[in-house]
file target20.cif (mmCIF, C-alpha atoms and all ligand atoms)
data_query
loop_
_atom_site.label_atom_id
_atom_site.label_comp_id
_atom_site.auth_asym_id
_atom_site.auth_seq_id
_atom_site.Cartn_x
_atom_site.Cartn_y
_atom_site.Cartn_z
CA MET M 1 25.26 -32.88 -12.66
CA ASP M 2 22.70 -35.45 -13.90
CA ALA M 3 19.93 -33.56 -15.75
CA GLY M 4 17.18 -35.93 -14.48
CA TRP M 5 18.22 -35.47 -10.85
CA SER M 6 18.43 -31.73 -11.21
CA ARG M 7 14.92 -31.57 -12.75
CA ARG M 8 13.57 -33.62 -9.83
CA THR M 9 15.28 -31.38 -7.30
CA VAL M 10 13.87 -28.28 -8.93
CA ALA M 11 10.39 -29.86 -9.06
CA ARG M 12 10.61 -30.70 -5.33
CA ALA M 13 11.74 -27.20 -4.46
CA VAL M 14 8.85 -25.71 -6.45
CA GLU M 15 6.40 -28.13 -4.81
CA GLY M 16 7.77 -27.14 -1.39
CA VAL M 17 7.19 -23.46 -2.12
CA VAL M 18 3.68 -24.10 -3.48
CA LYS M 19 2.74 -26.29 -0.51
CA ARG M 20 4.24 -23.93 2.07
CA ARG M 21 1.83 -23.20 4.87
CA LYS M 22 0.42 -19.71 4.29
CA HIS M 23 0.31 -17.23 7.16
CA ILE M 24 -3.12 -15.63 7.65
CA VAL M 25 -4.60 -13.31 10.26
CA LEU M 26 -8.20 -13.23 11.47
CA VAL M 27 -9.32 -9.77 12.56
CA GLY M 28 -12.73 -8.17 12.99
CA LEU M 29 -14.93 -6.72 15.73
CA ASP M 30 -15.40 -8.58 19.02
CA GLY M 31 -18.13 -11.22 18.77
CA SER M 32 -17.89 -11.54 14.97
CA GLY M 33 -16.87 -15.22 15.29
CA LYS M 34 -13.08 -15.29 14.68
CA THR M 35 -12.27 -17.83 17.41
CA THR M 36 -15.28 -19.97 16.43
CA VAL M 37 -13.87 -20.05 12.87
CA LEU M 38 -10.39 -20.98 14.15
CA MET M 39 -11.72 -23.74 16.44
CA ARG M 40 -13.85 -25.19 13.65
CA LEU M 41 -10.82 -25.31 11.35
CA LYS M 42 -8.73 -26.91 14.09
CA TYR M 43 -11.20 -29.46 15.49
CA GLY M 44 -13.83 -29.77 12.71
CA CYS M 45 -16.67 -29.08 15.15
CA TYR M 46 -18.27 -26.28 17.14
CA VAL M 47 -16.28 -25.25 20.22
CA ALA M 48 -17.72 -22.74 22.72
CA THR M 49 -15.51 -19.64 23.04
CA THR M 50 -14.88 -16.78 25.44
CA PRO M 51 -13.76 -13.31 24.32
CA THR M 52 -10.11 -13.43 23.24
CA ILE M 53 -7.74 -11.42 25.41
CA GLY M 54 -4.65 -11.26 23.22
CA PHE M 55 -4.48 -13.84 20.43
CA ASN M 56 -4.78 -17.52 19.50
CA HIS M 57 -2.57 -19.35 17.02
CA GLU M 58 -3.19 -22.71 15.33
CA LYS M 59 -1.86 -24.63 12.35
CA VAL M 60 -4.91 -25.80 10.46
CA TRP M 61 -6.16 -27.28 7.18
CA GLY M 62 -8.91 -25.56 5.20
CA GLY M 63 -10.06 -25.64 1.58
CA GLY M 64 -7.39 -28.28 0.86
CA PHE M 65 -4.49 -26.09 2.05
CA ARG M 66 -2.35 -25.72 5.17
CA TRP M 67 -2.53 -22.46 7.11
CA SER M 68 -0.72 -20.87 10.01
CA CYS M 69 -3.63 -18.96 11.44
CA TRP M 70 -3.54 -16.08 13.96
CA ASP M 71 -6.76 -14.94 15.61
CA VAL M 72 -6.46 -11.57 17.33
CA GLY M 73 -9.03 -10.32 19.87
CA GLY M 74 -11.44 -7.71 18.48
CA GLY M 75 -12.25 -5.76 21.67
CA ASP M 76 -11.64 -2.04 21.17
CA ARG M 77 -8.56 -2.03 23.42
CA LEU M 78 -6.99 -4.85 21.38
CA ARG M 79 -7.51 -3.39 17.91
CA GLY M 80 -4.26 -1.42 18.15
CA LEU M 81 -2.44 -4.79 18.07
CA TRP M 82 -3.91 -5.86 14.74
CA SER M 83 -1.23 -4.08 12.69
CA SER M 84 1.61 -6.13 14.21
CA TYR M 85 -0.14 -9.29 13.04
CA THR M 86 -1.17 -8.09 9.58
CA ARG M 87 2.39 -6.92 8.77
CA ALA M 88 3.94 -9.20 6.11
CA THR M 89 1.10 -11.71 6.28
CA ASP M 90 0.05 -13.75 3.23
CA GLY M 91 -3.64 -12.89 3.66
CA ILE M 92 -5.97 -10.85 5.84
CA VAL M 93 -9.28 -12.41 6.88
CA PHE M 94 -11.80 -9.88 8.20
CA VAL M 95 -14.70 -11.58 9.98
CA VAL M 96 -18.08 -9.82 10.10
CA ASP M 97 -21.37 -10.56 11.88
CA SER M 98 -23.62 -10.24 8.81
CA ALA M 99 -26.70 -10.09 11.05
CA ALA M 100 -25.44 -7.17 13.17
CA PRO M 101 -27.32 -3.86 13.37
CA GLN M 102 -26.28 -1.03 11.04
CA ASP M 103 -24.21 0.86 13.67
CA ILE M 104 -22.04 -2.25 14.24
CA MET M 105 -21.60 -2.65 10.46
CA GLU M 106 -20.51 0.98 10.31
CA GLU M 107 -17.95 0.32 13.10
CA ALA M 108 -16.71 -2.70 11.12
CA ARG M 109 -16.40 -0.51 7.98
CA VAL M 110 -14.23 2.03 9.84
CA GLU M 111 -12.00 -0.67 11.37
CA LEU M 112 -11.61 -2.48 8.03
CA ALA M 113 -10.59 0.78 6.32
CA ARG M 114 -7.92 1.22 9.04
CA VAL M 115 -6.67 -2.36 8.58
CA ILE M 116 -6.36 -1.89 4.81
CA LYS M 117 -4.57 1.45 5.20
CA MET M 118 -2.05 0.06 7.72
CA SER M 119 -1.46 -3.07 5.69
CA ARG M 120 -0.79 -1.08 2.52
CA ALA M 121 1.65 1.18 4.40
CA SER M 122 3.63 -1.74 5.86
CA SER M 123 3.66 -3.60 2.53
CA PHE M 124 5.05 -0.47 0.87
CA GLN M 125 7.76 -0.19 3.57
CA LEU M 126 8.71 -3.85 3.15
CA ASN M 127 8.54 -3.65 -0.65
CA LEU M 128 5.95 -6.43 -0.72
CA PRO M 129 2.65 -6.55 -2.64
CA PRO M 130 -0.36 -5.78 -0.37
CA PRO M 131 -1.86 -9.04 0.91
CA PRO M 132 -5.32 -9.99 -0.38
CA LEU M 133 -8.38 -9.50 1.81
CA LEU M 134 -11.03 -12.11 2.44
CA VAL M 135 -14.15 -10.95 4.25
CA LEU M 136 -16.03 -13.77 5.97
CA ALA M 137 -19.70 -12.78 6.04
CA ASN M 138 -20.40 -14.89 9.14
CA PHE M 139 -23.71 -15.63 10.96
CA GLN M 140 -25.43 -16.75 7.74
CA ASP M 141 -27.63 -19.03 9.88
CA GLN M 142 -29.52 -15.93 11.06
CA PRO M 143 -32.62 -15.25 8.94
CA TRP M 144 -31.87 -11.51 8.75
CA ALA M 145 -28.19 -11.95 7.81
CA ARG M 146 -26.99 -9.71 4.97
CA SER M 147 -25.91 -11.39 1.73
CA ALA M 148 -22.22 -11.34 0.71
CA GLN M 149 -22.96 -8.54 -1.82
CA ASN M 150 -24.75 -6.54 0.82
CA VAL M 151 -21.84 -6.98 3.27
CA ALA M 152 -19.40 -5.82 0.55
CA ALA M 153 -21.50 -2.70 -0.05
CA SER M 154 -21.90 -1.99 3.71
CA LEU M 155 -18.12 -2.23 4.18
CA GLY M 156 -17.50 0.09 1.22
CA LEU M 157 -15.52 -2.51 -0.75
CA CYS M 158 -15.09 -1.52 -4.38
CA GLU M 159 -12.96 -2.34 -7.42
CA THR M 160 -10.59 0.55 -6.71
CA LEU M 161 -9.57 -0.73 -3.25
CA GLY M 162 -5.99 -1.35 -4.41
CA SER M 163 -5.84 -4.88 -2.92
CA LEU M 164 -7.44 -8.07 -4.21
CA TRP M 165 -10.51 -8.93 -2.14
CA ALA M 166 -13.47 -11.27 -1.95
CA VAL M 167 -16.44 -11.76 0.36
CA ALA M 168 -17.55 -15.28 1.30
CA PRO M 169 -20.79 -16.16 3.11
CA ILE M 170 -20.16 -18.59 5.99
CA CYS M 171 -21.64 -19.96 9.19
CA ALA M 172 -18.92 -20.70 11.74
CA LEU M 173 -21.41 -22.64 13.91
CA THR M 174 -21.84 -25.32 11.23
CA GLY M 175 -18.70 -24.66 9.16
CA GLU M 176 -20.79 -24.09 6.04
CA GLY M 177 -18.91 -22.15 3.36
CA LEU M 178 -15.53 -22.19 5.18
CA ASP M 179 -13.74 -24.59 2.84
CA GLN M 180 -14.87 -22.70 -0.26
CA ALA M 181 -13.82 -19.43 1.42
CA LEU M 182 -10.29 -20.66 2.15
CA ALA M 183 -9.90 -22.11 -1.35
CA MET M 184 -10.89 -18.65 -2.64
CA LEU M 185 -8.30 -17.01 -0.37
CA ARG M 186 -5.59 -19.33 -1.67
CA THR M 187 -6.50 -18.34 -5.26
CA LEU M 188 -6.17 -14.65 -4.30
CA ILE M 189 -2.80 -15.24 -2.56
CA ASP M 190 -1.47 -17.11 -5.60
CA LYS M 191 -2.68 -14.32 -7.89
CA VAL M 192 -0.93 -11.64 -5.81
CA ARG M 193 2.33 -13.65 -5.99
CA ALA M 194 1.98 -14.29 -9.75
CA ASP M 195 1.29 -10.59 -10.44
CA ALA M 196 4.32 -9.57 -8.34
CA ARG M 197 6.57 -12.01 -10.21
CA LYS M 198 5.25 -10.70 -13.52
CA ARG M 199 5.94 -7.09 -12.50
CA GLU M 200 9.48 -8.06 -11.40
CA ARG M 201 10.13 -9.78 -14.74
CA ILE M 202 8.87 -6.77 -16.70
CA GLY M 203 11.06 -4.49 -14.55
CA ARG M 204 14.16 -6.65 -15.18
CA ASP M 205 13.50 -6.86 -18.94
CA ARG M 206 13.18 -3.09 -19.13
CA TRP M 207 16.73 -2.66 -17.73
CA ARG M 208 18.32 -5.17 -20.12
N1 LIG M 301 -25.52 -18.05 15.42
C1 LIG M 301 -24.20 -17.97 15.22
N2 LIG M 301 -23.38 -17.71 16.25
C2 LIG M 301 -22.06 -17.62 15.99
C3 LIG M 301 -21.50 -17.80 14.70
N3 LIG M 301 -20.16 -17.62 14.78
C4 LIG M 301 -19.89 -17.38 16.06
N4 LIG M 301 -21.01 -17.36 16.81
C5 LIG M 301 -21.15 -17.09 18.24
O1 LIG M 301 -20.74 -15.73 18.48
C6 LIG M 301 -20.12 -15.61 19.74
C7 LIG M 301 -18.79 -14.91 19.60
O2 LIG M 301 -17.91 -15.74 18.85
P1 LIG M 301 -16.30 -15.67 19.01
O3 LIG M 301 -15.75 -16.63 18.03
O4 LIG M 301 -15.89 -15.79 20.41
O5 LIG M 301 -16.06 -14.17 18.52
P2 LIG M 301 -14.64 -13.43 18.35
O6 LIG M 301 -14.71 -12.71 17.07
O7 LIG M 301 -13.54 -14.39 18.53
O8 LIG M 301 -14.70 -12.38 19.55
P3 LIG M 301 -13.42 -11.70 20.32
O9 LIG M 301 -12.52 -12.79 20.75
O10 LIG M 301 -14.04 -10.97 21.47
O11 LIG M 301 -12.79 -10.77 19.34
C8 LIG M 301 -20.01 -17.04 20.32
O12 LIG M 301 -21.07 -17.23 21.22
C9 LIG M 301 -20.20 -17.93 19.10
O13 LIG M 301 -20.79 -19.18 19.42
C10 LIG M 301 -22.41 -18.07 13.60
O14 LIG M 301 -22.05 -18.23 12.45
N5 LIG M 301 -23.74 -18.14 13.93
MG MG M 302 -12.01 -14.54 19.91
#
call {"tool": "encode", "arguments": {"input": "target20.cif", "output": "structure tokens"}}
result
Amino acid sequence: MDAGWSRRTVARAVEGVVKRRKHIVLVGLDGSGKTTVLMRLKYGCYVATTPTIGFNHEKVWGGGFRWSCWDVGGGDRLRGLWSSYTRATDGIVFVVDSAAPQDIMEEARVELARVIKMSRASSFQLNLPPPPLLVLANFQDQPWARSAQNVAASLGLCETLGSLWAVAPICALTGEGLDQALAMLRTLIDKVRADARKRERIGRDRWR
């Protein structure tokens, strides 16, 4: 086989893998702005929403990358469905109303802890690394909105979570911060993959 051709083929295959559309899931309490985020990514403008009964799915661009994006309703009767969407996903996006009262933040903290626990359990079963978590601290247009650091503290996020995570301040009404947030998520997804490959290599070398 011609060495030049084979290098080109390999390069194309690698490019295809790198450019592959990543699968992400938007979860979070009802009214936190998940569908508004999805619509803004899809249409580049504000679209009025109604509460999601079930889910929405769109292929979108954001932060310079392609995404296959699932938005699952956050009403309390729908939260049981979240785990079927977060199973084997590339990234979990938890959307929060940063301007919500403390009791709603506490409810979000409990639901997020459940999402992380279920996701870690299914990743373990599937022998996959746990997907990274991006928290979108939405409603930043509200004067009393919590900062990203404050949202992280309210949700109990800490270094020992066991999954890579980040919090990004956004406003889904205007789209401010969304591109930076998705670029950040892509960095986390790539890091999870790179770490997993490194662990695999170390494991293989140990058995040689
Ligand atoms: N002021 C403000 N309003 C927002 C923002 N994001 C969303 N909203 C509004 O919040 C309301 C709820 O938004 P949705 O996107 O429907 O919320 P959701 O998370 O999809 O809710 P469910 O489908 O019930 O889970 C809508 O009236 C949005 O216009 C924001 O950043 N700022
Ligand atoms: Mg919705």
call {"tool": "residues_near_ligand", "arguments": {"input": "target20.cif", "ligand": "ligand LIG 301 (chain M)", "cutoff": "7 Å", "atoms": "all atoms listed in the file", "output": "ChimeraX atom specification"}}
result
/M:28-37,48-53,72-75,138-142,170-173
call {"tool": "atom_distance", "arguments": {"input": "target20.cif", "atom1": "atom CA of Ala152 of chain M", "atom2": "atom MG of ligand MG 302 (chain M)"}}
result
22.5 Å
call {"tool": "closest_atom_pairs", "arguments": {"input": "target20.cif", "of": "segment 72-122 of chain M", "to": "segment 184-204 of chain M", "cutoff": "9 Å", "atoms": "only C-alpha atoms", "output": "tab-separated table"}}
result
residue	atom	partner	partner_atom	distance
M:Asp90	CA	M:Ile189	CA	6.6
M:Gly91	CA	M:Ile189	CA	6.7
M:Val93	CA	M:Leu185	CA	8.6
call {"tool": "closest_residue", "arguments": {"input": "target20.cif", "among": "M:Ala121, M:Asp103, M:Ser83, M:Ala168", "to": "Leu133 of chain M", "atoms": "all atoms listed in the file"}}
result
M:Ala168
call {"tool": "atom_distance", "arguments": {"input": "target20.cif", "atom1": "atom CA of Glu58 of chain M", "atom2": "atom CA of Asp97 of chain M"}}
result
22.1 Å
call {"tool": "closest_residue", "arguments": {"input": "target20.cif", "among": "M:Trp82, M:Trp144, M:Trp67, M:Phe55", "to": "ligand MG 302 (chain M)", "atoms": "only C-alpha atoms and all ligand atoms"}}
result
M:Phe55
call {"tool": "axis_aligned_box", "arguments": {"input": "target20.cif", "around": "segment 82-87 of chain M", "padding_each_side": "5 Å", "output": "lines of an AutoDock Vina configuration file"}}
result
center_x = -0.8
center_y = -6.7
center_z = 11.8
size_x = 16.3
size_y = 15.2
size_z = 16.0
call {"tool": "closest_residue", "arguments": {"input": "target20.cif", "among": "M:Ile116, M:Ala137, M:Ala153, M:Ala100", "to": "Gly177 of chain M", "atoms": "all atoms listed in the file"}}
result
M:Ala137
call {"tool": "closest_residue", "arguments": {"input": "target20.cif", "among": "M:Asp179, M:Asp205, M:Glu159, M:Glu111", "to": "Gly80 of chain M", "atoms": "all atoms listed in the file"}}
result
M:Glu111
call {"tool": "atom_distance", "arguments": {"input": "target20.cif", "atom1": "atom CA of Gly54 of chain M", "atom2": "atom CA of Val96 of chain M"}}
result
18.8 Å
call {"tool": "residues_around", "arguments": {"input": "target20.cif", "residues": "Thr89 of chain M", "least_positions_apart": "3", "cutoff": "6 Å", "atoms": "all atoms listed in the file", "output": "CSV table (one decimal) with C-alpha atoms, in the frame of the given file"}}
result
chain,number,residue,atom,x,y,z
M,23,HIS,CA,0.3,-17.2,7.2
M,24,ILE,CA,-3.1,-15.6,7.6
M,86,THR,CA,-1.2,-8.1,9.6
call {"tool": "closest_residue", "arguments": {"input": "target20.cif", "among": "M:Arg77, M:Arg109, M:Ser98, M:Tyr46", "to": "Ala148 of chain M", "atoms": "only C-alpha atoms"}}
result
M:Ser98
call {"tool": "closest_residue", "arguments": {"input": "target20.cif", "among": "M:Arg20, M:Val95, M:Leu161, M:Leu112", "to": "ligand MG 302 (chain M)", "atoms": "all atoms listed in the file"}}
result
M:Val95
